[in-house]
>>> print(open('data20.cif').read())   # mmCIF, N, CA and C atoms
data_run
#
loop_
_atom_site.group_PDB
_atom_site.id
_atom_site.type_symbol
_atom_site.label_atom_id
_atom_site.label_comp_id
_atom_site.auth_asym_id
_atom_site.auth_seq_id
_atom_site.Cartn_x
_atom_site.Cartn_y
_atom_site.Cartn_z
ATOM 1 N N MET A 1 7.892 -23.347 5.093
ATOM 2 C CA MET A 1 9.133 -22.712 4.702
ATOM 3 C C MET A 1 9.169 -22.501 3.192
ATOM 4 N N SER A 2 8.587 -23.407 2.447
ATOM 5 C CA SER A 2 8.581 -23.249 0.999
ATOM 6 C C SER A 2 7.699 -22.086 0.571
ATOM 7 N N GLU A 3 6.679 -21.740 1.382
ATOM 8 C CA GLU A 3 5.818 -20.605 1.058
ATOM 9 C C GLU A 3 6.592 -19.301 1.094
ATOM 10 N N VAL A 4 7.464 -19.173 2.091
ATOM 11 C CA VAL A 4 8.273 -17.965 2.203
ATOM 12 C C VAL A 4 9.191 -17.841 0.999
ATOM 13 N N LYS A 5 9.798 -18.941 0.581
ATOM 14 C CA LYS A 5 10.692 -18.927 -0.570
ATOM 15 C C LYS A 5 9.930 -18.562 -1.841
ATOM 16 N N GLU A 6 8.724 -19.073 -1.997
ATOM 17 C CA GLU A 6 7.919 -18.753 -3.171
ATOM 18 C C GLU A 6 7.536 -17.277 -3.190
ATOM 19 N N LYS A 7 7.219 -16.711 -2.027
ATOM 20 C CA LYS A 7 6.876 -15.291 -1.957
ATOM 21 C C LYS A 7 8.074 -14.426 -2.335
ATOM 22 N N LYS A 8 9.254 -14.805 -1.863
ATOM 23 C CA LYS A 8 10.459 -14.046 -2.195
ATOM 24 C C LYS A 8 10.739 -14.112 -3.693
ATOM 25 N N GLU A 9 10.586 -15.283 -4.272
ATOM 26 C CA GLU A 9 10.825 -15.430 -5.706
ATOM 27 C C GLU A 9 9.807 -14.630 -6.504
ATOM 28 N N SER A 10 8.570 -14.647 -6.083
ATOM 29 C CA SER A 10 7.571 -13.903 -6.834
ATOM 30 C C SER A 10 7.827 -12.407 -6.693
ATOM 31 N N PHE A 11 8.254 -11.975 -5.510
ATOM 32 C CA PHE A 11 8.601 -10.569 -5.315
ATOM 33 C C PHE A 11 9.778 -10.191 -6.213
ATOM 34 N N PHE A 12 10.797 -11.049 -6.243
ATOM 35 C CA PHE A 12 11.963 -10.801 -7.087
ATOM 36 C C PHE A 12 11.570 -10.769 -8.559
ATOM 37 N N ASN A 13 10.720 -11.698 -8.966
ATOM 38 C CA ASN A 13 10.270 -11.736 -10.366
ATOM 39 C C ASN A 13 9.475 -10.489 -10.724
ATOM 40 N N ARG A 14 8.662 -9.999 -9.790
ATOM 41 C CA ARG A 14 7.902 -8.771 -10.055
ATOM 42 C C ARG A 14 8.830 -7.578 -10.231
ATOM 43 N N ILE A 15 9.874 -7.534 -9.430
ATOM 44 C CA ILE A 15 10.830 -6.427 -9.560
ATOM 45 C C ILE A 15 11.535 -6.496 -10.909
ATOM 46 N N ILE A 16 11.973 -7.663 -11.315
ATOM 47 C CA ILE A 16 12.647 -7.825 -12.610
ATOM 48 C C ILE A 16 11.720 -7.440 -13.749
ATOM 49 N N LYS A 17 10.468 -7.866 -13.690
ATOM 50 C CA LYS A 17 9.510 -7.507 -14.738
ATOM 51 C C LYS A 17 9.283 -6.005 -14.774
ATOM 52 N N GLY A 18 9.206 -5.381 -13.606
ATOM 53 C CA GLY A 18 9.040 -3.928 -13.543
ATOM 54 C C GLY A 18 10.238 -3.201 -14.137
ATOM 55 N N LEU A 19 11.431 -3.681 -13.818
ATOM 56 C CA LEU A 19 12.639 -3.070 -14.372
ATOM 57 C C LEU A 19 12.683 -3.205 -15.888
ATOM 58 N N ARG A 20 12.304 -4.371 -16.396
ATOM 59 C CA ARG A 20 12.289 -4.566 -17.847
ATOM 60 C C ARG A 20 11.303 -3.630 -18.527
ATOM 61 N N SER A 21 10.121 -3.483 -17.936
ATOM 62 C CA SER A 21 9.121 -2.609 -18.563
ATOM 63 C C SER A 21 9.565 -1.150 -18.516
ATOM 64 N N GLU A 22 10.240 -0.728 -17.454
ATOM 65 C CA GLU A 22 10.733 0.652 -17.382
ATOM 66 C C GLU A 22 11.913 0.861 -18.328
ATOM 67 N N TRP A 23 12.753 -0.146 -18.497
ATOM 68 C CA TRP A 23 13.916 -0.038 -19.387
ATOM 69 C C TRP A 23 13.483 0.207 -20.825
ATOM 70 N N ILE A 24 12.369 -0.391 -21.213
ATOM 71 C CA ILE A 24 11.850 -0.211 -22.579
ATOM 72 C C ILE A 24 11.451 1.244 -22.820
ATOM 73 N N LYS A 25 11.016 1.940 -21.771
ATOM 74 C CA LYS A 25 10.540 3.324 -21.900
ATOM 75 C C LYS A 25 11.678 4.335 -22.052
ATOM 76 N N ILE A 26 12.912 3.933 -21.771
ATOM 77 C CA ILE A 26 14.048 4.852 -21.842
ATOM 78 C C ILE A 26 14.322 5.222 -23.289
ATOM 79 N N ILE A 27 14.484 6.526 -23.532
ATOM 80 C CA ILE A 27 14.820 7.020 -24.874
ATOM 81 C C ILE A 27 16.228 7.600 -24.797
ATOM 82 N N PHE A 28 17.154 6.985 -25.494
ATOM 83 C CA PHE A 28 18.521 7.463 -25.483
ATOM 84 C C PHE A 28 18.697 8.510 -26.577
ATOM 85 N N PRO A 29 19.413 9.600 -26.280
ATOM 86 C CA PRO A 29 19.592 10.648 -27.285
ATOM 87 C C PRO A 29 20.532 10.196 -28.403
ATOM 88 N N SER A 30 20.340 10.801 -29.565
ATOM 89 C CA SER A 30 21.210 10.496 -30.696
ATOM 90 C C SER A 30 22.527 11.255 -30.537
ATOM 91 N N ASN A 31 23.504 10.886 -31.327
ATOM 92 C CA ASN A 31 24.795 11.578 -31.271
ATOM 93 C C ASN A 31 24.644 13.051 -31.631
ATOM 94 N N GLU A 32 23.759 13.340 -32.581
ATOM 95 C CA GLU A 32 23.524 14.734 -32.986
ATOM 96 C C GLU A 32 22.930 15.535 -31.824
ATOM 97 N N GLN A 33 22.000 14.945 -31.097
ATOM 98 C CA GLN A 33 21.383 15.639 -29.960
ATOM 99 C C GLN A 33 22.406 15.871 -28.852
ATOM 100 N N ILE A 34 23.263 14.895 -28.608
ATOM 101 C CA ILE A 34 24.311 15.054 -27.595
ATOM 102 C C ILE A 34 25.257 16.181 -27.990
ATOM 103 N N LEU A 35 25.632 16.233 -29.268
ATOM 104 C CA LEU A 35 26.520 17.285 -29.738
ATOM 105 C C LEU A 35 25.865 18.657 -29.603
ATOM 106 N N ASN A 36 24.599 18.777 -30.003
ATOM 107 C CA ASN A 36 23.891 20.051 -29.889
ATOM 108 C C ASN A 36 23.784 20.505 -28.440
ATOM 109 N N ASP A 37 23.452 19.587 -27.547
ATOM 110 C CA ASP A 37 23.337 19.939 -26.132
ATOM 111 C C ASP A 37 24.684 20.334 -25.542
ATOM 112 N N SER A 38 25.745 19.653 -25.947
ATOM 113 C CA SER A 38 27.078 19.969 -25.439
ATOM 114 C C SER A 38 27.529 21.349 -25.895
ATOM 115 N N VAL A 39 27.271 21.677 -27.145
ATOM 116 C CA VAL A 39 27.639 23.004 -27.660
ATOM 117 C C VAL A 39 26.839 24.083 -26.944
ATOM 118 N N THR A 40 25.563 23.834 -26.701
ATOM 119 C CA THR A 40 24.735 24.801 -25.994
ATOM 120 C C THR A 40 25.250 25.043 -24.585
ATOM 121 N N VAL A 41 25.596 23.988 -23.883
ATOM 122 C CA VAL A 41 26.127 24.121 -22.526
ATOM 123 C C VAL A 41 27.454 24.871 -22.541
ATOM 124 N N LEU A 42 28.310 24.582 -23.507
ATOM 125 C CA LEU A 42 29.600 25.254 -23.607
ATOM 126 C C LEU A 42 29.423 26.752 -23.857
ATOM 127 N N ILE A 43 28.535 27.117 -24.779
ATOM 128 C CA ILE A 43 28.299 28.535 -25.091
ATOM 129 C C ILE A 43 27.723 29.256 -23.877
ATOM 130 N N CYS A 44 26.748 28.644 -23.201
ATOM 131 C CA CYS A 44 26.159 29.267 -22.015
ATOM 132 C C CYS A 44 27.201 29.428 -20.911
ATOM 133 N N SER A 45 28.065 28.448 -20.746
ATOM 134 C CA SER A 45 29.103 28.528 -19.724
ATOM 135 C C SER A 45 30.074 29.668 -20.006
ATOM 136 N N VAL A 46 30.452 29.836 -21.264
ATOM 137 C CA VAL A 46 31.364 30.917 -21.632
ATOM 138 C C VAL A 46 30.700 32.264 -21.398
ATOM 139 N N ILE A 47 29.442 32.417 -21.788
ATOM 140 C CA ILE A 47 28.732 33.689 -21.611
ATOM 141 C C ILE A 47 28.600 34.025 -20.123
ATOM 142 N N ILE A 48 28.205 33.055 -19.314
ATOM 143 C CA ILE A 48 28.069 33.306 -17.877
ATOM 144 C C ILE A 48 29.427 33.606 -17.257
ATOM 145 N N GLY A 49 30.472 32.916 -17.700
ATOM 146 C CA GLY A 49 31.818 33.198 -17.211
ATOM 147 C C GLY A 49 32.260 34.610 -17.547
ATOM 148 N N LEU A 50 31.959 35.071 -18.760
ATOM 149 C CA LEU A 50 32.302 36.446 -19.137
ATOM 150 C C LEU A 50 31.534 37.463 -18.305
ATOM 151 N N ILE A 51 30.253 37.204 -18.056
ATOM 152 C CA ILE A 51 29.460 38.117 -17.227
ATOM 153 C C ILE A 51 30.037 38.194 -15.819
ATOM 154 N N ILE A 52 30.392 37.059 -15.249
ATOM 155 C CA ILE A 52 30.989 37.048 -13.909
ATOM 156 C C ILE A 52 32.332 37.773 -13.910
ATOM 157 N N PHE A 53 33.136 37.580 -14.957
ATOM 158 C CA PHE A 53 34.426 38.260 -15.047
ATOM 159 C C PHE A 53 34.252 39.780 -15.096
ATOM 160 N N VAL A 54 33.314 40.239 -15.923
ATOM 161 C CA VAL A 54 33.086 41.682 -16.047
ATOM 162 C C VAL A 54 32.584 42.262 -14.726
ATOM 163 N N LEU A 55 31.622 41.607 -14.106
ATOM 164 C CA LEU A 55 31.101 42.099 -12.832
ATOM 165 C C LEU A 55 32.183 42.099 -11.752
ATOM 166 N N ASP A 56 32.998 41.059 -11.707
ATOM 167 C CA ASP A 56 34.077 40.982 -10.725
ATOM 168 C C ASP A 56 35.086 42.100 -10.952
ATOM 169 N N SER A 57 35.398 42.368 -12.208
ATOM 170 C CA SER A 57 36.334 43.455 -12.516
ATOM 171 C C SER A 57 35.761 44.801 -12.108
ATOM 172 N N LEU A 58 34.486 45.030 -12.394
ATOM 173 C CA LEU A 58 33.859 46.298 -12.027
ATOM 174 C C LEU A 58 33.790 46.470 -10.516
ATOM 175 N N ILE A 59 33.416 45.434 -9.817
ATOM 176 C CA ILE A 59 33.342 45.521 -8.361
ATOM 177 C C ILE A 59 34.737 45.708 -7.770
ATOM 178 N N GLY A 60 35.731 44.994 -8.296
ATOM 179 C CA GLY A 60 37.105 45.159 -7.827
ATOM 180 C C GLY A 60 37.626 46.557 -8.079
ATOM 181 N N SER A 61 37.304 47.134 -9.237
ATOM 182 C CA SER A 61 37.715 48.504 -9.536
ATOM 183 C C SER A 61 37.042 49.483 -8.599
ATOM 184 N N GLY A 62 35.771 49.226 -8.318
ATOM 185 C CA GLY A 62 35.036 50.120 -7.407
ATOM 186 C C GLY A 62 35.627 50.107 -6.017
ATOM 187 N N PHE A 63 35.963 48.945 -5.493
ATOM 188 C CA PHE A 63 36.571 48.864 -4.170
ATOM 189 C C PHE A 63 37.969 49.474 -4.190
ATOM 190 N N GLY A 64 38.706 49.254 -5.269
ATOM 191 C CA GLY A 64 40.036 49.856 -5.382
ATOM 192 C C GLY A 64 39.945 51.368 -5.404
ATOM 193 N N PHE A 65 38.950 51.897 -6.086
ATOM 194 C CA PHE A 65 38.761 53.351 -6.138
ATOM 195 C C PHE A 65 38.388 53.894 -4.758
ATOM 196 N N LEU A 66 37.556 53.184 -4.019
ATOM 197 C CA LEU A 66 37.119 53.636 -2.698
ATOM 198 C C LEU A 66 38.235 53.587 -1.673
ATOM 199 N N PHE A 67 39.065 52.558 -1.698
ATOM 200 C CA PHE A 67 40.070 52.378 -0.648
ATOM 201 C C PHE A 67 41.401 53.027 -0.986
ATOM 202 N N ASN A 68 41.620 53.504 -2.189
ATOM 203 C CA ASN A 68 42.873 54.174 -2.527
ATOM 204 C C ASN A 68 42.842 55.645 -2.162
ATOM 205 N N ARG A 69 41.694 56.168 -1.835
ATOM 206 C CA ARG A 69 41.615 57.598 -1.499
ATOM 207 C C ARG A 69 42.027 57.821 -0.105
#
>>> encode(input="data20.cif", output="structure tokens")
Amino acid sequence: MSEVKEKKESFFNRIIKGLRSEWIKIIFPSNEQILNDSVTVLICSVIIGLIIFVLDSLIGSGFGFLFNR
């Protein structure tokens, strides 16, 4: 019975060691990088939103022109 407990502990210890070694590899972005990425996402979102708005308006006008006749 003690062998099973030792195997579980060694398995658990291996997982903890693996997690620690992977945690060291994580690179967290700087505040400047987060700000730059956020501004980029915001600008792209606005541009895509404007494109969708223009296309929706054009398609809506086209259908309105077709069905009003």
>>> atom_distance(input="data20.cif", atom1="atom N of Ser38 in chain A", atom2="CA of Ile51 in chain A")
20.8 Å
>>> atom_distance(input="data20.cif", atom1="CA of Asn31 in chain A", atom2="CA of Cys44 in chain A")
20.0 Å
>>> atom_distance(input="data20.cif", atom1="CA of Asp37 in chain A", atom2="atom N of Leu50 in chain A")
18.9 Å
>>> axis_aligned_box(input="data20.cif", around="range 46-59 of chain A", padding_each_side="8 Å", output="JSON")
{"center_x": 32.2, "center_y": 38.2, "center_z": -14.8, "size_x": 24.3, "size_y": 32.6, "size_z": 30.0}
